[in-house]
Amino acid sequence: MSSLKRILLPAFAVVGLCSTTVPLADWPQADLSNGVIQTTLYMPDEQQGYYQGTRFDWSGAFKSLTYKGHSFVDQWFENYDPKMHDAINGPAEEFTPLGYAEAKTGDTFVKIGVGTLRKAADKPYTFASNYEVADHGKWTVKRRKDRIEFTHELNDPTGYGYVYRKTVRLIKGKPELVLEHSLKNTGKLPIKTSVYDHNFFIIDKEPTGPGIEIRFPYAVKAEGKGFGSLIVTQDNRFVYARNLEKKENVYTADVHGFGPTASDYDIRIENQKTGAGVHITSDQPMEKLVYWACATTSCPEPYIRLEAPPGKEVTWKIAYEFYEKGR
């Protein structure tokens with residue numbers, strides 16, 4: 001039995017896990033509310049957790065989030081498997097790997113918020129691969145009514161080590177969710193990585209199409225798959241030409257227009273039919289901005305650069321303000 005279940009939760013029976021339907025299972029989870037926002041999160045658990053992939057940080061995996069009757073988080077994918085790399089909802093975070101390029105086949109590398117992974121072959125790292133986990137690290141969870149603090153500790157033989165803390169907090173009396181992070185380097189090697197939020201929002205179950213707009217406080221430019229046909233830029237907005245079909249998607253790894261200050265980490269995703277939206281900001285500048293969307297979700301992916309020499313700590317915050325447009 002994991003230390004997480006001893007701290008927080010009773011044992012859970014997992015029933016009917018498969019890759020074609022969502023199982024009828026009681027995954028370890030916790031509810032949060034500040035009287036304005038209600039949300040449920042899945043807890044990290046190496047045996048019974050909802051998300052067991054090796055791509056995204058295991059802390060703060062969202063099941064649902066509602067505000068004033070509007071829903072913002074739902075399952076966006078059709079097929080489910082706990083080890084599938086993107087079987088995760090809501091604001092999900094991924095760190096770029098540490099030590100992968102230097103590792104030989106069979107050696108280990110590190111994904112912050114996941115653990116020590118084993119390099120399977122002499123090939124470039126791919127986030128869609130399910131790497132063998134050599135060490136899950138140690139998870140500790142502290143829960144309050146309006147916040148949950150996740151702590152992940154890891155020491156890898158290659159010289160990487162860290163204490164990573166992430167607090168999912170609902171601000172008192174406000175429609176605001178804040179993700180507070182700290183990363184302390186406890187190893188011998190410097191930590192140089194990037195982290196991004198893959199914002200898998202689905203607002204009031206609106207499909208990806210003209211009913212959804214992405215807005216910035218500056219003019220944006222983007223080129224890539226589907227840009228100019230499925231989605232177009234109109235000054236400071238991304239606007240869909242039509243609804244995306246089941247297997248269609250748009251993608252660009254390089255959105256232009258933002259500057260080097262934290263004030264430009266400023267993104268809005270809005271449902272034009274219901275008026276519900278989410279405003280995303282941070283206390284750090286964006287390193288780069290990626291954009292991806294499929295038929296169910298529209299996902300800006302803002303990157304933040306992190307560097308921590310041995311013994312040093314870095315901190316950052318990302319805020320999500322939920323609102324009703326014009327109300």
# chains A, B, ... in the order shown; residues from 1 in each chain; ligands from 1
call {"tool": "residues_around", "arguments": {"residues": "Asp122 (chain A)", "least_positions_apart": "4", "cutoff": "10 Å", "atoms": "only C-alpha atoms", "output": "PyMOL selection string"}}
result
chain A and resi 101+103-106
call {"tool": "closest_residue", "arguments": {"among": "A:Tyr100, A:Tyr218, A:Phe109, A:Phe258", "to": "Lys123 (chain A)", "atoms": "only C-alpha atoms"}}
result
A:Tyr100
call {"tool": "select_by_dssp", "arguments": {"residues": "region 3-159 of chain A", "states": "alpha helix (DSSP H)", "output": "PyMOL selection string"}}
result
chain A and resi 3-7
call {"tool": "atom_distance", "arguments": {"atom1": "CA of Asp57 (chain A)", "atom2": "CA of Val278 (chain A)"}}
result
21.8 Å
call {"tool": "residues_around", "arguments": {"residues": "Val220 (chain A)", "least_positions_apart": "5", "cutoff": "9 Å", "atoms": "only C-alpha atoms", "output": "PyMOL selection string"}}
result
chain A and resi 233-238+255-258
call {"tool": "select_by_dssp", "arguments": {"residues": "region 26-126 of chain A", "states": "strand (DSSP E or B)", "output": "ChimeraX atom specification"}}
result
/A:29-33,37-42,61-67,70-73,89-95,98,108-111,115-118
call {"tool": "residues_around", "arguments": {"residues": "Tyr50 (chain A)", "least_positions_apart": "4", "cutoff": "9 Å", "atoms": "only C-alpha atoms", "output": "list in words"}}
result
Trp27, Pro28, Gln29, Tyr42, Met43, Pro44, Asp45, Ala61, Asp81, Pro82, Lys83, Ala87 and Ile88 of chain A
call {"tool": "decode", "arguments": {"residues": "region 191-220 of chain A", "atoms": "N, CA, C and O atoms", "output": "JSON list (two decimals), in the first residue's frame"}}
result
[["chain", "number", "residue", "atom", "x", "y", "z"],
["A", 191, "ILE", "N", 19.50, 21.76, -12.43],
["A", 191, "ILE", "CA", 18.22, 21.47, -13.09],
["A", 191, "ILE", "C", 17.95, 22.58, -14.11],
["A", 191, "ILE", "O", 17.87, 23.76, -13.76],
["A", 192, "LYS", "N", 17.83, 22.17, -15.36],
["A", 192, "LYS", "CA", 17.48, 23.08, -16.44],
["A", 192, "LYS", "C", 16.35, 22.42, -17.21],
["A", 192, "LYS", "O", 16.55, 21.41, -17.89],
["A", 193, "THR", "N", 15.16, 23.00, -17.11],
["A", 193, "THR", "CA", 13.99, 22.38, -17.72],
["A", 193, "THR", "C", 12.99, 23.46, -18.10],
["A", 193, "THR", "O", 13.15, 24.63, -17.77],
["A", 194, "SER", "N", 11.95, 23.06, -18.79],
["A", 194, "SER", "CA", 10.81, 23.91, -19.08],
["A", 194, "SER", "C", 9.56, 23.18, -18.63],
["A", 194, "SER", "O", 9.51, 21.95, -18.64],
["A", 195, "VAL", "N", 8.56, 23.95, -18.22],
["A", 195, "VAL", "CA", 7.28, 23.36, -17.83],
["A", 195, "VAL", "C", 6.18, 24.11, -18.56],
["A", 195, "VAL", "O", 6.25, 25.33, -18.73],
["A", 196, "TYR", "N", 5.18, 23.38, -19.00],
["A", 196, "TYR", "CA", 4.06, 24.04, -19.67],
["A", 196, "TYR", "C", 2.75, 23.49, -19.14],
["A", 196, "TYR", "O", 2.69, 22.37, -18.62],
["A", 197, "ASP", "N", 1.71, 24.30, -19.24],
["A", 197, "ASP", "CA", 0.35, 23.88, -18.92],
["A", 197, "ASP", "C", -0.38, 23.54, -20.20],
["A", 197, "ASP", "O", -0.50, 24.38, -21.09],
["A", 198, "HIS", "N", -0.86, 22.31, -20.26],
["A", 198, "HIS", "CA", -1.68, 21.87, -21.39],
["A", 198, "HIS", "C", -3.13, 22.08, -20.96],
["A", 198, "HIS", "O", -3.71, 21.24, -20.28],
["A", 199, "ASN", "N", -3.70, 23.19, -21.34],
["A", 199, "ASN", "CA", -4.99, 23.62, -20.81],
["A", 199, "ASN", "C", -6.16, 22.91, -21.51],
["A", 199, "ASN", "O", -6.79, 23.45, -22.41],
["A", 200, "PHE", "N", -6.45, 21.71, -21.05],
["A", 200, "PHE", "CA", -7.51, 20.89, -21.65],
["A", 200, "PHE", "C", -8.90, 21.33, -21.19],
["A", 200, "PHE", "O", -9.66, 20.54, -20.62],
["A", 201, "PHE", "N", -9.26, 22.58, -21.42],
["A", 201, "PHE", "CA", -10.57, 23.05, -20.99],
["A", 201, "PHE", "C", -11.65, 22.68, -22.00],
["A", 201, "PHE", "O", -11.44, 22.69, -23.21],
["A", 202, "ILE", "N", -12.82, 22.34, -21.47],
["A", 202, "ILE", "CA", -14.05, 22.17, -22.26],
["A", 202, "ILE", "C", -15.11, 23.01, -21.56],
["A", 202, "ILE", "O", -15.56, 22.66, -20.47],
["A", 203, "ILE", "N", -15.48, 24.13, -22.15],
["A", 203, "ILE", "CA", -16.39, 25.07, -21.48],
["A", 203, "ILE", "C", -17.83, 24.77, -21.87],
["A", 203, "ILE", "O", -18.21, 24.92, -23.03],
["A", 204, "ASP", "N", -18.61, 24.34, -20.88],
["A", 204, "ASP", "CA", -20.03, 24.01, -21.09],
["A", 204, "ASP", "C", -20.23, 23.03, -22.24],
["A", 204, "ASP", "O", -21.19, 23.12, -23.00],
["A", 205, "LYS", "N", -19.28, 22.11, -22.37],
["A", 205, "LYS", "CA", -19.35, 21.02, -23.37],
["A", 205, "LYS", "C", -19.43, 21.53, -24.80],
["A", 205, "LYS", "O", -19.86, 20.80, -25.71],
["A", 206, "GLU", "N", -19.04, 22.76, -25.05],
["A", 206, "GLU", "CA", -19.07, 23.32, -26.40],
["A", 206, "GLU", "C", -17.98, 22.67, -27.25],
["A", 206, "GLU", "O", -16.81, 22.65, -26.87],
["A", 207, "PRO", "N", -18.32, 22.12, -28.42],
["A", 207, "PRO", "CA", -17.29, 21.52, -29.28],
["A", 207, "PRO", "C", -16.38, 22.58, -29.87],
["A", 207, "PRO", "O", -16.71, 23.78, -29.89],
["A", 208, "THR", "N", -15.23, 22.15, -30.35],
["A", 208, "THR", "CA", -14.27, 23.08, -30.94],
["A", 208, "THR", "C", -14.81, 23.60, -32.27],
["A", 208, "THR", "O", -15.04, 22.83, -33.21],
["A", 209, "GLY", "N", -15.02, 24.91, -32.33],
["A", 209, "GLY", "CA", -15.58, 25.53, -33.53],
["A", 209, "GLY", "C", -15.82, 27.01, -33.27],
["A", 209, "GLY", "O", -15.26, 27.60, -32.33],
["A", 210, "PRO", "N", -16.66, 27.66, -34.10],
["A", 210, "PRO", "CA", -16.90, 29.10, -33.97],
["A", 210, "PRO", "C", -17.43, 29.52, -32.61],
["A", 210, "PRO", "O", -17.37, 30.71, -32.26],
["A", 211, "GLY", "N", -17.97, 28.60, -31.83],
["A", 211, "GLY", "CA", -18.46, 28.94, -30.49],
["A", 211, "GLY", "C", -17.35, 29.19, -29.48],
["A", 211, "GLY", "O", -17.62, 29.68, -28.39],
["A", 212, "ILE", "N", -16.12, 28.84, -29.83],
["A", 212, "ILE", "CA", -14.99, 29.02, -28.93],
["A", 212, "ILE", "C", -14.01, 30.03, -29.53],
["A", 212, "ILE", "O", -13.67, 29.95, -30.71],
["A", 213, "GLU", "N", -13.56, 30.98, -28.71],
["A", 213, "GLU", "CA", -12.54, 31.93, -29.12],
["A", 213, "GLU", "C", -11.40, 31.95, -28.11],
["A", 213, "GLU", "O", -11.61, 31.78, -26.91],
["A", 214, "ILE", "N", -10.19, 32.17, -28.63],
["A", 214, "ILE", "CA", -8.99, 32.33, -27.79],
["A", 214, "ILE", "C", -8.51, 33.76, -27.98],
["A", 214, "ILE", "O", -8.28, 34.20, -29.12],
["A", 215, "ARG", "N", -8.35, 34.51, -26.88],
["A", 215, "ARG", "CA", -7.99, 35.93, -26.99],
["A", 215, "ARG", "C", -6.74, 36.25, -26.19],
["A", 215, "ARG", "O", -6.48, 35.67, -25.14],
["A", 216, "PHE", "N", -5.98, 37.22, -26.72],
["A", 216, "PHE", "CA", -4.76, 37.72, -26.10],
["A", 216, "PHE", "C", -4.83, 39.25, -26.04],
["A", 216, "PHE", "O", -5.61, 39.86, -26.79],
["A", 217, "PRO", "N", -4.03, 39.90, -25.20],
["A", 217, "PRO", "CA", -4.05, 41.37, -25.15],
["A", 217, "PRO", "C", -3.11, 42.00, -26.18],
["A", 217, "PRO", "O", -2.78, 43.19, -26.07],
["A", 218, "TYR", "N", -2.70, 41.24, -27.19],
["A", 218, "TYR", "CA", -1.79, 41.74, -28.21],
["A", 218, "TYR", "C", -2.09, 40.98, -29.51],
["A", 218, "TYR", "O", -2.73, 39.92, -29.50],
["A", 219, "ALA", "N", -1.63, 41.52, -30.63],
["A", 219, "ALA", "CA", -1.82, 40.86, -31.91],
["A", 219, "ALA", "C", -0.98, 39.58, -31.96],
["A", 219, "ALA", "O", 0.18, 39.58, -31.52],
["A", 220, "VAL", "N", -1.56, 38.50, -32.46],
["A", 220, "VAL", "CA", -0.85, 37.22, -32.52],
["A", 220, "VAL", "C", -0.73, 36.75, -33.96],
["A", 220, "VAL", "O", -1.57, 37.06, -34.81]]
